[in-house]
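Here the structure comes first, spelled out in structure tokens, and everything after it is commentary.
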Amino acid sequence: MIFKCKNCGGNIVYDPDKGTMCCPHCEGIDTEEKIVSTESIKTCANCGAPMDSVVLEHTSATKCPSCGSYVILDERVQGDYEPDKILPFRISRNKAINLLRDEFGRRVFTPEGFLSNASVSKIEGTYVPFFMYDYDTDSEYRGTGTKVRSWTSGDYEYTETSYYDIHRVMEADFKGVPVDASDYMDDQYMDLMEPYAYEGLEGFEEKYMSGFLGEKYNRSEEELAERAEKKVGSAVETLVDESISGYATVKKKRFDVNAKKTRVEYALLPVWEYVFRYHNENYKFHVNGQTGKVVGKTPVSKEKVLLYGFTVFGITAILGSMLRLLLVALL
Ligand SMILES: [Zn+2]
Ligand SMILES: [Zn+2]
């Protein structure tokens, strides 16, 4: 499907700054009309050109290489693939670029002109598929704790060790534990990009995808539940650990966590993805499309590292000689 402007017929997209559909051609607001595709998903719903090169196995929204329209692939956002929720982009393309510039400016060792000299090979906003799991947990912990008391009486030193049985029974419910459902998206990157403010999740509407790329889930929620359960398990462990204090030593005897999955929602989360080419190397950056958090490594300038080293060394040397002068004056 494609969203067309009722005023001018142009491709209308979702504008994160305005929070509405906005036509980039005539600036019409909320003038969209949904045109459903009748052809195969590999054919552009606007110009009819083949899109084989951009419609990959899991693509759910893309940009037509011929006419540049943003096309949403009907059957990959409907039926089994219809998301329950979507977190619409809050950060616009320009804002994301400015955030990156600020971030590069702050990084001491980034070479001068990295951003201006690097050729931007890709800047796209993408909706990444996620499953959000709810779990109810019951857990029971048993362990032994010690407390030690020492004192001296006469010629003797006494040490008393007391042993305590530690028993904890805990119930904890978790809501919306996120696990990314894209193989392409590096789990490490996605974990670093958290947190998202999940209260911003909206009921899914296709129009939010217009102007962006998207992917449907690559794996089922059953396959990915294991990762959610692991996250829940370590959260429970932290909660129990925090409730045990005041002992010299603690030894765990047994710890049973019983986690019951109560609900799963399929959601799309916004990510800006940038690939910079600099001195024949690719540098990948991600910007959280809701909060603006930047994740990625910039190249390191050897000259700047050296210069920084000299400056610190220089200051130490000056301080050293001042201290000597002071000593001479005192003597
Ligand atoms: Zn228009
Ligand atoms: Zn087209």
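Following the order of the structure tokens, first chain is A, next is B, and so on, with residues numbered from 1 inside each chain and ligands from 1 in the order they appear.
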
Ligand 1 neighbours within 8 Å using only C-alpha atoms and all ligand atoms, as a VMD selection string: chain A and resid 4 to 12 22 to 28 31

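The residues sitting within 12 Å of ligand 2, with only C-alpha atoms and all ligand atoms considered, come out as Met1, Ile2, Gly10, Asn11, Ser37, Ile41, Lys42, Thr43, Cys44, Ala45, Asn46, Cys47, Gly48, Ala49, Pro50, Met51, Asp52, Val54, Thr62, Lys63, Cys64, Pro65, Ser66, Cys67, Gly68, Ser69, Tyr70, Val71 and Ile72 of chain A.
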
Alpha helix (DSSP H) per DSSP on the backbone: members of region 84-319 of chain A, as an MDAnalysis selection string: chainID A and resid 93:106 114:117 187:193 221:243 302:319

Okay, now the selection with C-alpha atoms, as a PDB file, in the first residue's frame?
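Result file is out35.pdb:
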ATOM      1  CA  ARG A  93      15.785  12.933  10.102  1.00  0.00           C
ATOM      2  CA  ASN A  94      17.251  16.438  10.608  1.00  0.00           C
ATOM      3  CA  LYS A  95      17.124  16.161  14.371  1.00  0.00           C
ATOM      4  CA  ALA A  96      18.905  12.797  14.213  1.00  0.00           C
ATOM      5  CA  ILE A  97      21.655  14.285  12.026  1.00  0.00           C
ATOM      6  CA  ASN A  98      22.117  17.161  14.493  1.00  0.00           C
ATOM      7  CA  LEU A  99      22.288  14.732  17.410  1.00  0.00           C
ATOM      8  CA  LEU A 100      25.059  12.858  15.612  1.00  0.00           C
ATOM      9  CA  ARG A 101      26.987  16.078  14.930  1.00  0.00           C
ATOM     10  CA  ASP A 102      26.762  17.031  18.630  1.00  0.00           C
ATOM     11  CA  GLU A 103      27.885  13.569  19.641  1.00  0.00           C
ATOM     12  CA  PHE A 104      30.885  13.645  17.267  1.00  0.00           C
ATOM     13  CA  GLY A 105      31.803  17.103  18.587  1.00  0.00           C
ATOM     14  CA  ARG A 106      31.877  15.765  22.141  1.00  0.00           C
ATOM     15  CA  PHE A 114      34.848  13.178  10.131  1.00  0.00           C
ATOM     16  CA  LEU A 115      31.236  14.092   9.493  1.00  0.00           C
ATOM     17  CA  SER A 116      31.881  16.515   6.632  1.00  0.00           C
ATOM     18  CA  ASN A 117      34.381  14.267   4.824  1.00  0.00           C
ATOM     19  CA  ASP A 187      21.163  -7.630  19.611  1.00  0.00           C
ATOM     20  CA  GLN A 188      24.037  -5.727  21.199  1.00  0.00           C
ATOM     21  CA  TYR A 189      23.062  -2.506  19.442  1.00  0.00           C
ATOM     22  CA  MET A 190      19.424  -2.913  20.374  1.00  0.00           C
ATOM     23  CA  ASP A 191      20.280  -3.559  24.027  1.00  0.00           C
ATOM     24  CA  LEU A 192      22.460  -0.427  24.076  1.00  0.00           C
ATOM     25  CA  MET A 193      19.689   1.639  22.529  1.00  0.00           C
ATOM     26  CA  GLU A 221       7.478 -15.359  19.814  1.00  0.00           C
ATOM     27  CA  GLU A 222       7.829 -18.980  21.055  1.00  0.00           C
ATOM     28  CA  GLU A 223      11.394 -19.174  19.695  1.00  0.00           C
ATOM     29  CA  LEU A 224      12.357 -15.905  21.380  1.00  0.00           C
ATOM     30  CA  ALA A 225      10.604 -16.506  24.721  1.00  0.00           C
ATOM     31  CA  GLU A 226      13.797 -18.098  26.064  1.00  0.00           C
ATOM     32  CA  ARG A 227      15.588 -14.741  25.864  1.00  0.00           C
ATOM     33  CA  ALA A 228      12.765 -12.987  27.716  1.00  0.00           C
ATOM     34  CA  GLU A 229      12.802 -15.693  30.393  1.00  0.00           C
ATOM     35  CA  LYS A 230      16.536 -15.195  30.893  1.00  0.00           C
ATOM     36  CA  LYS A 231      16.046 -11.447  31.383  1.00  0.00           C
ATOM     37  CA  VAL A 232      13.239 -12.143  33.872  1.00  0.00           C
ATOM     38  CA  GLY A 233      15.376 -14.726  35.724  1.00  0.00           C
ATOM     39  CA  SER A 234      18.259 -12.328  36.253  1.00  0.00           C
ATOM     40  CA  ALA A 235      15.861  -9.532  37.316  1.00  0.00           C
ATOM     41  CA  VAL A 236      14.361 -11.864  39.959  1.00  0.00           C
ATOM     42  CA  GLU A 237      17.843 -12.791  41.157  1.00  0.00           C
ATOM     43  CA  THR A 238      18.751  -9.113  41.574  1.00  0.00           C
ATOM     44  CA  LEU A 239      15.559  -8.474  43.556  1.00  0.00           C
ATOM     45  CA  VAL A 240      16.299 -11.389  45.912  1.00  0.00           C
ATOM     46  CA  ASP A 241      19.956 -10.334  46.315  1.00  0.00           C
ATOM     47  CA  GLU A 242      18.865  -6.826  47.232  1.00  0.00           C
ATOM     48  CA  SER A 243      16.610  -8.197  49.987  1.00  0.00           C
ATOM     49  CA  LYS A 302      46.190   9.193  16.182  1.00  0.00           C
ATOM     50  CA  GLU A 303      47.347  12.821  15.990  1.00  0.00           C
ATOM     51  CA  LYS A 304      44.673  13.885  18.493  1.00  0.00           C
ATOM     52  CA  VAL A 305      45.559  11.091  20.917  1.00  0.00           C
ATOM     53  CA  LEU A 306      49.236  12.122  20.731  1.00  0.00           C
ATOM     54  CA  LEU A 307      48.392  15.796  21.158  1.00  0.00           C
ATOM     55  CA  TYR A 308      46.208  15.025  24.145  1.00  0.00           C
ATOM     56  CA  GLY A 309      49.041  12.959  25.645  1.00  0.00           C
ATOM     57  CA  PHE A 310      51.475  15.849  25.170  1.00  0.00           C
ATOM     58  CA  THR A 311      49.088  18.332  26.778  1.00  0.00           C
ATOM     59  CA  VAL A 312      48.633  16.236  29.906  1.00  0.00           C
ATOM     60  CA  PHE A 313      52.364  15.520  30.089  1.00  0.00           C
ATOM     61  CA  GLY A 314      53.089  19.208  29.510  1.00  0.00           C
ATOM     62  CA  ILE A 315      50.844  20.299  32.363  1.00  0.00           C
ATOM     63  CA  THR A 316      52.367  17.735  34.746  1.00  0.00           C
ATOM     64  CA  ALA A 317      55.853  18.943  33.818  1.00  0.00           C
ATOM     65  CA  ILE A 318      54.912  22.581  34.487  1.00  0.00           C
ATOM     66  CA  LEU A 319      53.277  21.690  37.805  1.00  0.00           C
TER      67      LEU A 319
END

Pull the strand (DSSP E) assignments for region 43-90 of chain A out of DSSP run on the backbone, and list those residues as a PDB file with N, CA, C and O atoms, in the first residue's frame.
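Once written, result_16.pdb looks like this:
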ATOM      1  N   THR A  59      11.391  -7.812   4.798  1.00  0.00           N
ATOM      2  CA  THR A  59      11.015  -6.403   4.600  1.00  0.00           C
ATOM      3  C   THR A  59       9.500  -6.214   4.704  1.00  0.00           C
ATOM      4  O   THR A  59       8.741  -6.965   4.106  1.00  0.00           O
ATOM      5  N   SER A  60       9.090  -5.197   5.473  1.00  0.00           N
ATOM      6  CA  SER A  60       7.653  -4.903   5.546  1.00  0.00           C
ATOM      7  C   SER A  60       7.338  -3.503   5.031  1.00  0.00           C
ATOM      8  O   SER A  60       6.189  -3.192   4.743  1.00  0.00           O
ATOM      9  N   ALA A  61       8.352  -2.649   4.933  1.00  0.00           N
ATOM     10  CA  ALA A  61       8.157  -1.310   4.363  1.00  0.00           C
ATOM     11  C   ALA A  61       9.466  -0.910   3.712  1.00  0.00           C
ATOM     12  O   ALA A  61      10.541  -1.183   4.252  1.00  0.00           O
ATOM     13  N   THR A  62       9.403  -0.263   2.547  1.00  0.00           N
ATOM     14  CA  THR A  62      10.618   0.077   1.830  1.00  0.00           C
ATOM     15  C   THR A  62      10.420   1.307   0.952  1.00  0.00           C
ATOM     16  O   THR A  62       9.336   1.906   0.955  1.00  0.00           O
ATOM     17  N   LYS A  63      11.490   1.666   0.255  1.00  0.00           N
ATOM     18  CA  LYS A  63      11.448   2.830  -0.620  1.00  0.00           C
ATOM     19  C   LYS A  63      11.643   2.340  -2.052  1.00  0.00           C
ATOM     20  O   LYS A  63      12.609   1.615  -2.316  1.00  0.00           O
ATOM     21  N   TYR A  70       7.550   5.730  -0.555  1.00  0.00           N
ATOM     22  CA  TYR A  70       7.612   4.785   0.548  1.00  0.00           C
ATOM     23  C   TYR A  70       6.426   3.834   0.431  1.00  0.00           C
ATOM     24  O   TYR A  70       5.270   4.261   0.455  1.00  0.00           O
ATOM     25  N   VAL A  71       6.745   2.562   0.277  1.00  0.00           N
ATOM     26  CA  VAL A  71       5.714   1.552   0.049  1.00  0.00           C
ATOM     27  C   VAL A  71       5.653   0.613   1.251  1.00  0.00           C
ATOM     28  O   VAL A  71       6.686   0.170   1.753  1.00  0.00           O
ATOM     29  N   ILE A  72       4.441   0.342   1.737  1.00  0.00           N
ATOM     30  CA  ILE A  72       4.257  -0.599   2.848  1.00  0.00           C
ATOM     31  C   ILE A  72       3.713  -1.891   2.253  1.00  0.00           C
ATOM     32  O   ILE A  72       2.784  -1.854   1.430  1.00  0.00           O
ATOM     33  N   LYS A  85       1.234  -3.118  18.567  1.00  0.00           N
ATOM     34  CA  LYS A  85       1.608  -1.761  18.969  1.00  0.00           C
ATOM     35  C   LYS A  85       2.700  -1.214  18.069  1.00  0.00           C
ATOM     36  O   LYS A  85       3.425  -1.967  17.422  1.00  0.00           O
ATOM     37  N   ILE A  86       2.828   0.106  18.089  1.00  0.00           N
ATOM     38  CA  ILE A  86       3.927   0.758  17.372  1.00  0.00           C
ATOM     39  C   ILE A  86       4.346   1.979  18.187  1.00  0.00           C
ATOM     40  O   ILE A  86       3.511   2.635  18.813  1.00  0.00           O
TER      41      ILE A  86
END
